[in-house]
Amino acid sequence: MEYEPVIGLEVHVQLKTKSKAFCGCSTEFGKEPNSQVCPVCLGFPGSLPVLNRVFLDYAIKVALALNCTVQEKHKFDRKNYFYPDLPKNYQISQYDLPLSKKGYLDIVVGDKTKRVGINRVHMEEDAGKLIHEEDTSLVDFNRTGIPLLEIVSEPDMNSPEEAYEYLTFLKSVLGYLDVSDCDMEKGSLRCDVNVSLRPKGVLALGVKAELKNMNSFKGTKDALVFEIRRQEEILREGGKVIQETRLWDAKLSETFSMRVKEEAKDYRYFPEPDLAPFIISAQKLEEIKKNIPELPRQKLERFVKDFCLSEGSAKILVGIKKDADYAQSCIESWEGKDKKPVVNWLIGPLLFEANKRKCGISDLNIPGGNIELINLIKSAEEAKISNLAAKGVLSESLDTAKLAREIILEKNLYQVSDTESLDKIAEEIIKGNPKSVMDYKQGKANAIMFLVGQMMKKSNGKANPIVARDILKKMLTDGG
Amino acid sequence: MMELNKLTAHELIEKLSREEITSDQIVSCLNKRINAIDSEVKAYARVEDGLTSWPVNQLASYNNNRQTGKPANRQTDLQGIPISIKDNICADGLNTECCSKILEGFKPPYDATVIKRLKEAGAIISPLKTNMDEFAFGSSTENSCFGSTRNPWNLECVPGGSSGGSAACVAADEAIWALGSDTGGSIRQPASFCGVVGLKPTYGRVSRYGLIAFASSLDQIGPITKDIRDSALLMNVIAGHDPNDSTSVNIDIPDYTKSLEMDIKGIKIALPKEYFPEGLDPEVKDIINEAINKLKSQGASFENVSLPHTEYAVEVYYIIATAEASSNLARFDGVQYGFRVQDARNKTRNLIEMYKKTRGEGFGEEAKRRIILGTFILSHGYYDAYYLRALKVRTLIKQDFDHVFKGFDCIVTPTSPTPAFKIGEKVEDPLKMYLSDIYTISANLSGIPAISIPCGFTKKGLPVGLQILAKPFNEEMLFRVAYAYEQSTEWHKMKPKL
């Protein structure tokens, strides 16, 4: 029997507003513990929350970008539970009237698009951070009250790759909107995963496990791979998966049981009386909608259509907005109708150099800018220099801040295409390799490639391989 | 020297502006009075700590300001006038403990908005906070970790509550005036028991920022004063929109003292029959009727009406108020401030144990009762049956008032069904205690403003209060009717013999 995993993600993202959700404290990361606090975010007696309007605007932006419906009437609720990182011992959240519901996010897996449903997007406040020392536990309240969005997907994903792509696309959308850093290592994006298995073709869901404690997208994927294998083994041996929360241990690369889920927790939700219910007008929605930039999905579709790219290639280019914008400007600077050469350069050598430098392609700052890059690609395309040499030139240009064409001249890299000088070399090579010449003449067509290679070597890589081949062919046939 | 502590704020403002007196003279009169009688009245929470901490340095500058200062705005200038504050309103650096052990030693690092406004107006904040029922849970000021306050008119009786300390200190001339808070009658009922003026403003009229919450959707801060003019004067300073309180309303504030210049000819007043039942205390009934006749003689007309959902008010109130309280009081856990059980034997340092012991020892009986009740009400499976239904009935109660105010300018009722009761009389019977707020609770549930004014005395010499209620944000109507009545009587000038 074949099993199918069913995966749903619950993502918390911190929004990068300047001040916290319900007070004026700074949200800056990495400051001295408890230096960014006030009576409101410390939950001091008598203090009252006031909604940060930018928080609301960002939240609406995200909801609309995820194709959710935003209702008119809104309120906040209190989620009551005791924990030392929660100074009021309740969290201001949204319960039965989330900011928005029923959206979707289109992701690309391999070269295929898949639509993942979004169940809800709601607003809440972050809790503080506990720091456990040997004998004591300390609380840092700097994080308390930072605006959070909870984005809950439908259980629409069926593989670890799909979950990974969902996170990647979600991060991409939030990046385009410029509302979150989505950095799992810094905790500005946190992800809980629900996963269960069912026999392929069956509709009913199996018993799920909740996975926590992943601190990267790849970790999330790895945790899923492990967990799916674990559940599959249990099912194959005729056992039963139990509903539980499991923690991912990145070092051991396995999940382990945190606790068996007791009866559902009772959070005693009720409407937050300190924050008046509010209305989001159609006009406000319209205003925010107008200011939403072209999103990665639309850009991807446009790239596919306008530049004849595959979805796979387009996906690589659109992930980060400024890189996508940069790619677009490069593609548009390319005069030829076929954009493939420049696209191949963008997702090839440029991406390689960017990864090497741990930055995006738009951050490479190629000396001489777009024009120099386009000329370099053109030179390679027109075989004025070899592809290999061109890649080297790019790398050196980035390292030394010299213009590409200066490097080419300096190193005398233009390929030799004039027949006179190549004829000379060809004669020498034919003389020096009688065996290969014999092979070729006896019908081994490949033998000529060896001879071309020898010519390249002799010319220090400058011989235009196509011209060289033609000359060799001619000589061997004529002289035959 | 004249006993300045017996005067009203507006009288003192006159004298100060004529430079007949100074602020430190007022303060020393108050000190003298408190030292003389507070051991009997116990109106203040920590009186044993003495009054050494009056901001004396500031007094000099107050006096200075008054002599050299800018032309005073008579309607908002409280330069050099002392005021006493209920123990649940935060004042920077002053003990603010809600008369609960769990907040032992808590000194807020900030001022409530009302305190900020008072300071800006030049008022002197009394360093002693007034006594109250723990977290405002009560109607008698018997639930205080500092012990009971006594009624200045009869030391064997309660002063009412929960703002019993504020009402008693004003009645006993241990304060010029005071701030209280009112969640279900906690300003009006003690004002009525102590023979002073107590106003609960419209919900949203006065900022709650810095008021330690009991029930957030019901709480309001308000003045407790010796007469109506002081009440209006104090409202001029504390009322108004506050960006730090999302539930405060951005509506312009009138000069409330202007309402004192108008008579009440042609004013239409409603008498809800539910507030005058068969069993109403006959003395209270007679005194209220007399007050009604007084208002009639000044040109007001009266008509009987019905507020049909009144009978559900107490139940609805105790569901909503305890639900909100259970959540509001969750923060008192010993982690950041206040009382924490230090258990040397408990080497495990178990967090849950720390919570349990701290809250178990820190909260008094009534607080625990309400937290447990509220927690139950919000629990899964009970929420719809209790909380949600209570919210619906709350809307019906509000609609009752909306309906009456379509045809009437205000409503008049007794503030409390009885005069002050004996200390200890109802302590053992919470339900009986809860019923003493039966006439005041509806104003909180519907958010409307209401005032209690002295309107007579029982044969045993206990004060009785008249309650006037008006439309939301129409405190002016309350002042207008109350002042017209006060002008024609001497009740507000009566002083207890102490």
# chains A, B, ... in the order shown; residues from 1 in each chain; ligands from 1

$ select_by_dssp --residues "range 401-445 of chain B" --states "helix (DSSP H, G or I)" --output "list in words"
Phe401, Asp402, His403, Val404, Phe405, Lys406, Gly407, Pro430, Leu431, Lys432, Met433, Tyr434, Leu435, Ile441, Ser442, Ala443, Asn444 and Leu445 of chain B

$ write_last_selection --atoms "C-alpha atoms" --output "PDB file, in the first residue's frame"
ATOM      1  CA  PHE B 401     -32.641  53.316  29.009  1.00  0.00           C
ATOM      2  CA  ASP B 402     -32.413  54.486  25.384  1.00  0.00           C
ATOM      3  CA  HIS B 403     -36.146  54.126  25.172  1.00  0.00           C
ATOM      4  CA  VAL B 404     -36.847  56.164  28.329  1.00  0.00           C
ATOM      5  CA  PHE B 405     -34.392  58.904  27.350  1.00  0.00           C
ATOM      6  CA  LYS B 406     -36.313  59.469  24.140  1.00  0.00           C
ATOM      7  CA  GLY B 407     -39.027  61.085  26.238  1.00  0.00           C
ATOM      8  CA  PRO B 430     -22.186  37.533  49.578  1.00  0.00           C
ATOM      9  CA  LEU B 431     -25.542  37.416  47.785  1.00  0.00           C
ATOM     10  CA  LYS B 432     -27.072  39.877  50.223  1.00  0.00           C
ATOM     11  CA  MET B 433     -24.018  42.074  49.803  1.00  0.00           C
ATOM     12  CA  TYR B 434     -24.323  41.911  46.004  1.00  0.00           C
ATOM     13  CA  LEU B 435     -27.926  43.149  46.226  1.00  0.00           C
ATOM     14  CA  ILE B 441     -25.422  48.473  38.537  1.00  0.00           C
ATOM     15  CA  SER B 442     -27.599  49.280  35.516  1.00  0.00           C
ATOM     16  CA  ALA B 443     -25.807  52.567  34.861  1.00  0.00           C
ATOM     17  CA  ASN B 444     -22.529  50.670  34.469  1.00  0.00           C
ATOM     18  CA  LEU B 445     -24.065  47.993  32.273  1.00  0.00           C
TER      19      LEU B 445
END

$ closest_atom_pairs --of "chain A" --to "chain B" --cutoff "7 Å" --atoms "only C-alpha atoms" --output "Markdown table"
| residue | atom | partner | partner_atom | distance |
| --- | --- | --- | --- | --- |
| A:Pro45 | CA | B:Ile212 | CA | 5.2 |
| A:Gly46 | CA | B:Ile212 | CA | 3.9 |
| A:Ser47 | CA | B:Gly210 | CA | 5.5 |
| A:Leu48 | CA | B:Tyr209 | CA | 6.0 |
| A:Val50 | CA | B:Ser246 | CA | 5.8 |
| A:Asn80 | CA | B:Ser327 | CA | 6.9 |
| A:Pro84 | CA | B:Val335 | CA | 6.8 |
| A:Pro87 | CA | B:Arg331 | CA | 6.3 |
| A:Lys88 | CA | B:Arg331 | CA | 4.4 |
| A:Asn89 | CA | B:Arg331 | CA | 5.3 |
| A:Asp266 | CA | B:His380 | CA | 6.2 |
| A:Arg268 | CA | B:Leu378 | CA | 5.2 |
| A:Pro273 | CA | B:Ser217 | CA | 5.5 |
| A:Asp274 | CA | B:Ser216 | CA | 6.2 |
| A:Leu275 | CA | B:Ser246 | CA | 5.7 |
| A:Ala276 | CA | B:Thr247 | CA | 5.9 |

$ write_last_selection --atoms "N, CA and C atoms" --output "PDB file, in the first residue's frame"
ATOM      1  N   PRO A  45      -0.137  46.810  36.094  1.00  0.00           N
ATOM      2  CA  PRO A  45      -1.514  47.106  36.479  1.00  0.00           C
ATOM      3  C   PRO A  45      -1.913  48.505  36.013  1.00  0.00           C
ATOM      4  N   GLY A  46      -3.092  48.605  35.440  1.00  0.00           N
ATOM      5  CA  GLY A  46      -3.603  49.911  35.039  1.00  0.00           C
ATOM      6  C   GLY A  46      -3.262  50.319  33.624  1.00  0.00           C
ATOM      7  N   SER A  47      -2.263  49.650  33.025  1.00  0.00           N
ATOM      8  CA  SER A  47      -1.898  50.053  31.666  1.00  0.00           C
ATOM      9  C   SER A  47      -2.917  49.500  30.671  1.00  0.00           C
ATOM     10  N   LEU A  48      -3.021  50.165  29.520  1.00  0.00           N
ATOM     11  CA  LEU A  48      -4.005  49.766  28.516  1.00  0.00           C
ATOM     12  C   LEU A  48      -3.357  49.705  27.133  1.00  0.00           C
ATOM     13  N   VAL A  50      -3.147  50.109  23.033  1.00  0.00           N
ATOM     14  CA  VAL A  50      -3.718  50.913  21.944  1.00  0.00           C
ATOM     15  C   VAL A  50      -3.177  50.332  20.642  1.00  0.00           C
ATOM     16  N   ASN A  80      -6.427  33.293  27.344  1.00  0.00           N
ATOM     17  CA  ASN A  80      -5.951  33.245  28.734  1.00  0.00           C
ATOM     18  C   ASN A  80      -5.143  31.989  29.033  1.00  0.00           C
ATOM     19  N   PRO A  84       5.253  32.513  32.298  1.00  0.00           N
ATOM     20  CA  PRO A  84       6.030  33.692  32.731  1.00  0.00           C
ATOM     21  C   PRO A  84       6.468  34.616  31.590  1.00  0.00           C
ATOM     22  N   PRO A  87       3.285  38.546  30.218  1.00  0.00           N
ATOM     23  CA  PRO A  87       3.179  39.330  31.460  1.00  0.00           C
ATOM     24  C   PRO A  87       1.747  39.550  31.959  1.00  0.00           C
ATOM     25  N   LYS A  88       0.769  39.569  31.088  1.00  0.00           N
ATOM     26  CA  LYS A  88      -0.612  39.748  31.550  1.00  0.00           C
ATOM     27  C   LYS A  88      -1.264  38.403  31.851  1.00  0.00           C
ATOM     28  N   ASN A  89      -0.561  37.338  31.506  1.00  0.00           N
ATOM     29  CA  ASN A  89      -1.133  35.989  31.553  1.00  0.00           C
ATOM     30  C   ASN A  89      -2.365  35.853  30.679  1.00  0.00           C
ATOM     31  N   ASP A 266      -8.092  24.779  27.427  1.00  0.00           N
ATOM     32  CA  ASP A 266      -9.188  25.742  27.488  1.00  0.00           C
ATOM     33  C   ASP A 266      -8.607  27.138  27.695  1.00  0.00           C
ATOM     34  N   ARG A 268     -10.195  29.960  27.413  1.00  0.00           N
ATOM     35  CA  ARG A 268     -11.204  30.900  27.906  1.00  0.00           C
ATOM     36  C   ARG A 268     -11.203  32.220  27.107  1.00  0.00           C
ATOM     37  N   PRO A 273     -11.915  43.648  26.286  1.00  0.00           N
ATOM     38  CA  PRO A 273     -12.718  44.842  26.559  1.00  0.00           C
ATOM     39  C   PRO A 273     -11.904  46.139  26.516  1.00  0.00           C
ATOM     40  N   ASP A 274     -10.585  46.032  26.505  1.00  0.00           N
ATOM     41  CA  ASP A 274      -9.763  47.244  26.491  1.00  0.00           C
ATOM     42  C   ASP A 274      -9.564  47.816  25.089  1.00  0.00           C
ATOM     43  N   LEU A 275      -9.946  47.044  24.082  1.00  0.00           N
ATOM     44  CA  LEU A 275      -9.816  47.541  22.706  1.00  0.00           C
ATOM     45  C   LEU A 275     -11.195  47.540  22.068  1.00  0.00           C
ATOM     46  N   ALA A 276     -11.648  48.707  21.663  1.00  0.00           N
ATOM     47  CA  ALA A 276     -12.982  48.800  21.080  1.00  0.00           C
ATOM     48  C   ALA A 276     -13.017  48.030  19.763  1.00  0.00           C
TER      49      ALA A 276
END

$ closest_residue --among "B:Ser306, B:Ser100, B:Asn95, B:Ser162" --to "Gly362 in chain B" --atoms "only C-alpha atoms"
B:Ser100

$ residues_around --residues "range 162-179 of chain A" --least-positions-apart "2" --cutoff "9 Å" --atoms "only C-alpha atoms" --output "CSV table (one decimal) with N, CA and C atoms, in the first residue's frame"
chain,number,residue,atom,x,y,z
A,7,ILE,N,-0.2,17.5,4.8
A,7,ILE,CA,0.6,18.5,5.6
A,7,ILE,C,-0.1,19.9,5.7
A,8,GLY,N,-0.2,20.4,6.9
A,8,GLY,CA,-0.7,21.8,7.0
A,8,GLY,C,0.3,22.6,7.9
A,9,LEU,N,0.4,23.9,7.5
A,9,LEU,CA,1.4,24.7,8.2
A,9,LEU,C,0.7,25.8,9.0
A,11,VAL,N,2.0,29.2,10.5
A,11,VAL,CA,3.2,30.1,10.5
A,11,VAL,C,2.9,31.3,11.3
A,14,GLN,N,6.6,37.8,12.6
A,14,GLN,CA,6.7,39.1,13.2
A,14,GLN,C,6.7,40.1,12.1
A,15,LEU,N,5.9,41.1,12.3
A,15,LEU,CA,5.8,42.2,11.3
A,15,LEU,C,6.8,43.3,11.7
A,16,LYS,N,7.5,43.9,10.7
A,16,LYS,CA,8.6,44.8,11.1
A,16,LYS,C,8.1,46.2,11.2
A,17,THR,N,7.1,46.4,12.0
A,17,THR,CA,6.7,47.8,12.3
A,17,THR,C,7.8,48.4,13.2
A,58,TYR,N,-0.3,46.6,7.8
A,58,TYR,CA,0.5,45.5,7.3
A,58,TYR,C,-0.3,44.2,7.2
A,59,ALA,N,-1.1,44.0,8.3
A,59,ALA,CA,-1.8,42.8,8.3
A,59,ALA,C,-2.8,42.7,7.2
A,61,LYS,N,-2.6,44.2,4.3
A,61,LYS,CA,-1.7,44.0,3.1
A,61,LYS,C,-1.5,42.5,2.9
A,62,VAL,N,-1.0,41.8,4.0
A,62,VAL,CA,-0.7,40.4,3.8
A,62,VAL,C,-1.9,39.6,3.5
A,65,ALA,N,-2.8,40.1,-0.1
A,65,ALA,CA,-1.8,39.4,-0.9
A,65,ALA,C,-2.0,37.9,-0.9
A,66,LEU,N,-2.5,37.4,0.1
A,66,LEU,CA,-2.8,35.9,0.2
A,66,LEU,C,-4.2,35.6,-0.3
A,105,LEU,N,-2.4,30.5,-1.7
A,105,LEU,CA,-1.1,30.8,-2.2
A,105,LEU,C,-0.7,29.8,-3.2
A,106,ASP,N,-0.3,30.3,-4.4
A,106,ASP,CA,0.2,29.4,-5.5
A,106,ASP,C,1.7,29.2,-5.3
A,107,ILE,N,2.0,27.9,-5.3
A,107,ILE,CA,3.5,27.6,-5.2
A,107,ILE,C,3.9,26.8,-6.5
A,108,VAL,N,5.2,26.8,-6.7
A,108,VAL,CA,5.7,26.0,-7.9
A,108,VAL,C,6.6,24.9,-7.3
A,109,VAL,N,6.3,23.7,-7.6
A,109,VAL,CA,7.1,22.6,-7.2
A,109,VAL,C,7.6,21.9,-8.5
A,114,LYS,N,1.0,24.7,-7.9
A,114,LYS,CA,0.0,24.1,-7.0
A,114,LYS,C,-0.6,25.1,-6.1
A,116,VAL,N,-2.3,26.2,-2.7
A,116,VAL,CA,-2.4,25.8,-1.3
A,116,VAL,C,-3.4,26.8,-0.6
A,157,MET,N,-0.9,20.3,1.5
A,157,MET,CA,0.4,19.9,0.9
A,157,MET,C,0.6,18.4,1.1
A,158,ASN,N,1.3,17.8,0.2
A,158,ASN,CA,1.4,16.3,0.2
A,158,ASN,C,2.9,15.8,0.2
A,159,SER,N,3.8,16.7,0.3
A,159,SER,CA,5.2,16.3,0.4
A,159,SER,C,6.0,17.3,1.1
A,160,PRO,N,7.2,16.9,1.7
A,160,PRO,CA,8.1,17.9,2.3
A,160,PRO,C,8.5,19.0,1.3
A,181,ASP,N,10.9,40.2,8.0
A,181,ASP,CA,12.2,39.7,7.6
A,181,ASP,C,12.1,38.2,7.4
A,182,CYS,N,11.1,37.5,8.0
A,182,CYS,CA,10.9,36.1,7.8
A,182,CYS,C,12.2,35.3,8.0
A,183,ASP,N,12.9,35.6,9.1
A,183,ASP,CA,14.2,35.0,9.4
A,183,ASP,C,13.9,33.9,10.5
A,189,LEU,N,10.2,34.4,11.9
A,189,LEU,CA,9.2,33.5,11.3
A,189,LEU,C,9.3,32.1,12.1
A,191,CYS,N,7.4,28.3,12.6
A,191,CYS,CA,6.5,27.4,11.9
A,191,CYS,C,6.2,26.1,12.6
A,193,VAL,N,4.1,22.4,12.2
A,193,VAL,CA,3.7,21.6,11.1
A,193,VAL,C,2.8,20.5,11.6
A,217,PHE,N,14.0,26.7,6.9
A,217,PHE,CA,13.1,26.0,6.0
A,217,PHE,C,13.5,24.6,5.7
A,218,LYS,N,14.9,24.5,5.6
A,218,LYS,CA,15.4,23.2,5.3
A,218,LYS,C,15.2,22.2,6.4
A,220,THR,N,12.7,22.3,8.4
A,220,THR,CA,11.3,22.0,8.3
A,220,THR,C,11.1,20.8,7.4
A,221,LYS,N,11.8,20.9,6.2
A,221,LYS,CA,11.7,19.9,5.2
A,221,LYS,C,12.3,18.5,5.8
A,224,LEU,N,10.0,16.9,8.3
A,224,LEU,CA,8.9,16.2,7.6
A,224,LEU,C,9.4,14.9,7.0
A,292,ILE,N,-0.4,47.7,-3.1
A,292,ILE,CA,0.3,46.4,-3.1
A,292,ILE,C,1.1,46.3,-4.4
A,293,PRO,N,2.4,46.0,-4.4
A,293,PRO,CA,3.1,45.9,-5.6
A,293,PRO,C,2.8,44.7,-6.4
A,294,GLU,N,3.4,44.5,-7.6
A,294,GLU,CA,3.3,43.3,-8.3
A,294,GLU,C,3.9,42.2,-7.4
A,295,LEU,N,3.1,41.1,-7.2
A,295,LEU,CA,3.6,40.0,-6.3
A,295,LEU,C,4.3,39.0,-7.1
A,296,PRO,N,5.1,38.1,-6.4
A,296,PRO,CA,5.9,37.2,-7.1
A,296,PRO,C,5.2,36.3,-8.1
A,297,ARG,N,4.0,35.9,-7.7
A,297,ARG,CA,3.2,35.0,-8.6
A,297,ARG,C,2.9,35.7,-9.9
A,318,VAL,N,12.2,35.2,-9.4
A,318,VAL,CA,11.2,36.1,-8.8
A,318,VAL,C,11.2,36.1,-7.3
A,319,GLY,N,12.0,35.2,-6.7
A,319,GLY,CA,11.9,35.0,-5.2
A,319,GLY,C,12.0,36.3,-4.4
A,320,ILE,N,13.0,37.1,-4.7
A,320,ILE,CA,13.3,38.3,-4.0
A,320,ILE,C,13.1,39.5,-4.9
A,321,LYS,N,12.3,40.4,-4.4
A,321,LYS,CA,11.8,41.5,-5.3
A,321,LYS,C,13.0,42.3,-6.0
A,322,LYS,N,14.0,42.7,-5.2
A,322,LYS,CA,15.0,43.5,-5.9
A,322,LYS,C,15.8,42.7,-6.9

$ atom_distance --atom1 "CA of Phe256 in chain A" --atom2 "CA of Glu210 in chain A"
10.9 Å

$ residues_around --residues "Cys359 in chain A" --least-positions-apart "6" --cutoff "10 Å" --atoms "only C-alpha atoms" --output "VMD selection string"
chain A and resid 323 351 353

$ write_last_selection --atoms "C-alpha atoms" --output "PDB file, in the first residue's frame"
ATOM      1  CA  ASP A 323      16.683  40.588  -7.541  1.00  0.00           C
ATOM      2  CA  LEU A 351      23.477  33.270  -9.182  1.00  0.00           C
ATOM      3  CA  GLU A 353      28.631  34.370  -7.847  1.00  0.00           C
TER       4      GLU A 353
END

$ select_by_dssp --residues "range 405-468 of chain B" --states "strand (DSSP E or B)" --output "list in words"
Cys410, Ile411, Val412, Thr413, Pro414, Lys422, Ala450, Ile451, Ser452, Ile453, Pro454, Cys455, Gly456, Phe457, Pro463, Val464, Gly465, Leu466, Gln467 and Ile468 of chain B

$ write_last_selection --atoms "N, CA and C atoms" --output "compact mmCIF listing (two decimals), in the first residue's frame"
# COMPACT_ATOMS: atom_id res chain seq x y z
N CYS B 410 -34.00 63.03 32.35
CA CYS B 410 -33.23 62.22 33.27
C CYS B 410 -34.15 61.28 34.05
N ILE B 411 -33.51 60.41 34.85
CA ILE B 411 -34.23 59.44 35.67
C ILE B 411 -33.80 59.67 37.11
N VAL B 412 -34.74 59.55 38.04
CA VAL B 412 -34.39 59.71 39.45
C VAL B 412 -34.78 58.45 40.21
N THR B 413 -33.86 57.97 41.06
CA THR B 413 -34.10 56.77 41.87
C THR B 413 -33.39 56.93 43.21
N PRO B 414 -33.66 56.03 44.17
CA PRO B 414 -32.77 55.98 45.33
C PRO B 414 -31.41 55.45 44.86
N LYS B 422 -24.72 47.74 59.25
CA LYS B 422 -23.71 47.54 60.29
C LYS B 422 -22.49 46.80 59.75
N ALA B 450 -24.26 58.75 36.03
CA ALA B 450 -25.19 58.79 37.15
C ALA B 450 -24.50 59.45 38.34
N ILE B 451 -25.29 60.16 39.13
CA ILE B 451 -24.73 60.87 40.27
C ILE B 451 -25.56 60.55 41.50
N SER B 452 -24.89 60.49 42.66
CA SER B 452 -25.63 60.36 43.92
C SER B 452 -25.40 61.63 44.73
N ILE B 453 -26.50 62.22 45.21
CA ILE B 453 -26.37 63.44 46.02
C ILE B 453 -27.10 63.25 47.34
N PRO B 454 -26.63 63.90 48.40
CA PRO B 454 -27.28 63.76 49.71
C PRO B 454 -28.68 64.34 49.66
N CYS B 455 -29.67 63.62 50.21
CA CYS B 455 -31.03 64.15 50.14
C CYS B 455 -31.78 63.95 51.46
N GLY B 456 -31.04 63.70 52.54
CA GLY B 456 -31.73 63.60 53.83
C GLY B 456 -31.09 62.58 54.73
N PHE B 457 -31.67 62.42 55.92
CA PHE B 457 -31.13 61.52 56.92
C PHE B 457 -32.24 60.67 57.50
N PRO B 463 -27.14 59.10 56.41
CA PRO B 463 -27.48 59.82 55.18
C PRO B 463 -28.18 58.91 54.16
N VAL B 464 -28.99 59.51 53.32
CA VAL B 464 -29.63 58.82 52.21
C VAL B 464 -29.28 59.58 50.93
N GLY B 465 -29.06 58.83 49.86
CA GLY B 465 -28.66 59.47 48.60
C GLY B 465 -29.73 59.37 47.53
N LEU B 466 -29.79 60.42 46.71
CA LEU B 466 -30.69 60.44 45.55
C LEU B 466 -29.84 60.22 44.31
N GLN B 467 -30.26 59.26 43.48
CA GLN B 467 -29.50 59.00 42.25
C GLN B 467 -30.19 59.65 41.06
N ILE B 468 -29.41 60.33 40.23
CA ILE B 468 -29.93 60.90 38.99
C ILE B 468 -29.14 60.28 37.84

$ residues_around --residues "Ser488 in chain B" --least-positions-apart "2" --cutoff "12 Å" --atoms "only C-alpha atoms" --output "ChimeraX atom specification"
/B:263,291,293-298,455,481-486,490-493

$ residues_around --residues "Glu156 in chain B" --least-positions-apart "6" --cutoff "9 Å" --atoms "only C-alpha atoms" --output "ChimeraX atom specification"
/B:150,421-423

$ write_last_selection --atoms "C-alpha atoms" --output "short mmCIF file (atom, residue, chain, number, x, y, z; two decimals), in the first residue's frame"
data_model
loop_
_atom_site.label_atom_id
_atom_site.label_comp_id
_atom_site.auth_asym_id
_atom_site.auth_seq_id
_atom_site.Cartn_x
_atom_site.Cartn_y
_atom_site.Cartn_z
CA ARG B 150 -16.00 53.09 59.24
CA PHE B 421 -25.66 48.81 57.31
CA LYS B 422 -23.71 47.54 60.29
CA ILE B 423 -20.12 46.38 59.93
#

$ residues_around --residues "Glu274 in chain B" --least-positions-apart "2" --cutoff "12 Å" --atoms "only C-alpha atoms" --output "ChimeraX atom specification"
/B:270-272,276-280,304-313,400,412-414,417,438-439,442

$ atom_distance --atom1 "CA of Thr458 in chain B" --atom2 "CA of Ala420 in chain B"
10.1 Å

$ closest_residue --among "A:Ser379, A:Pro367, A:Lys240, A:Asp156" --to "Glu396 in chain A" --atoms "only C-alpha atoms"
A:Pro367

$ closest_residue --among "A:Ser386, A:Asn464, A:Thr113, A:Gln298" --to "Thr419 in chain A" --atoms "only C-alpha atoms"
A:Asn464

$ atom_distance --atom1 "CA of Ser93 in chain A" --atom2 "CA of His122 in chain A"
7.6 Å
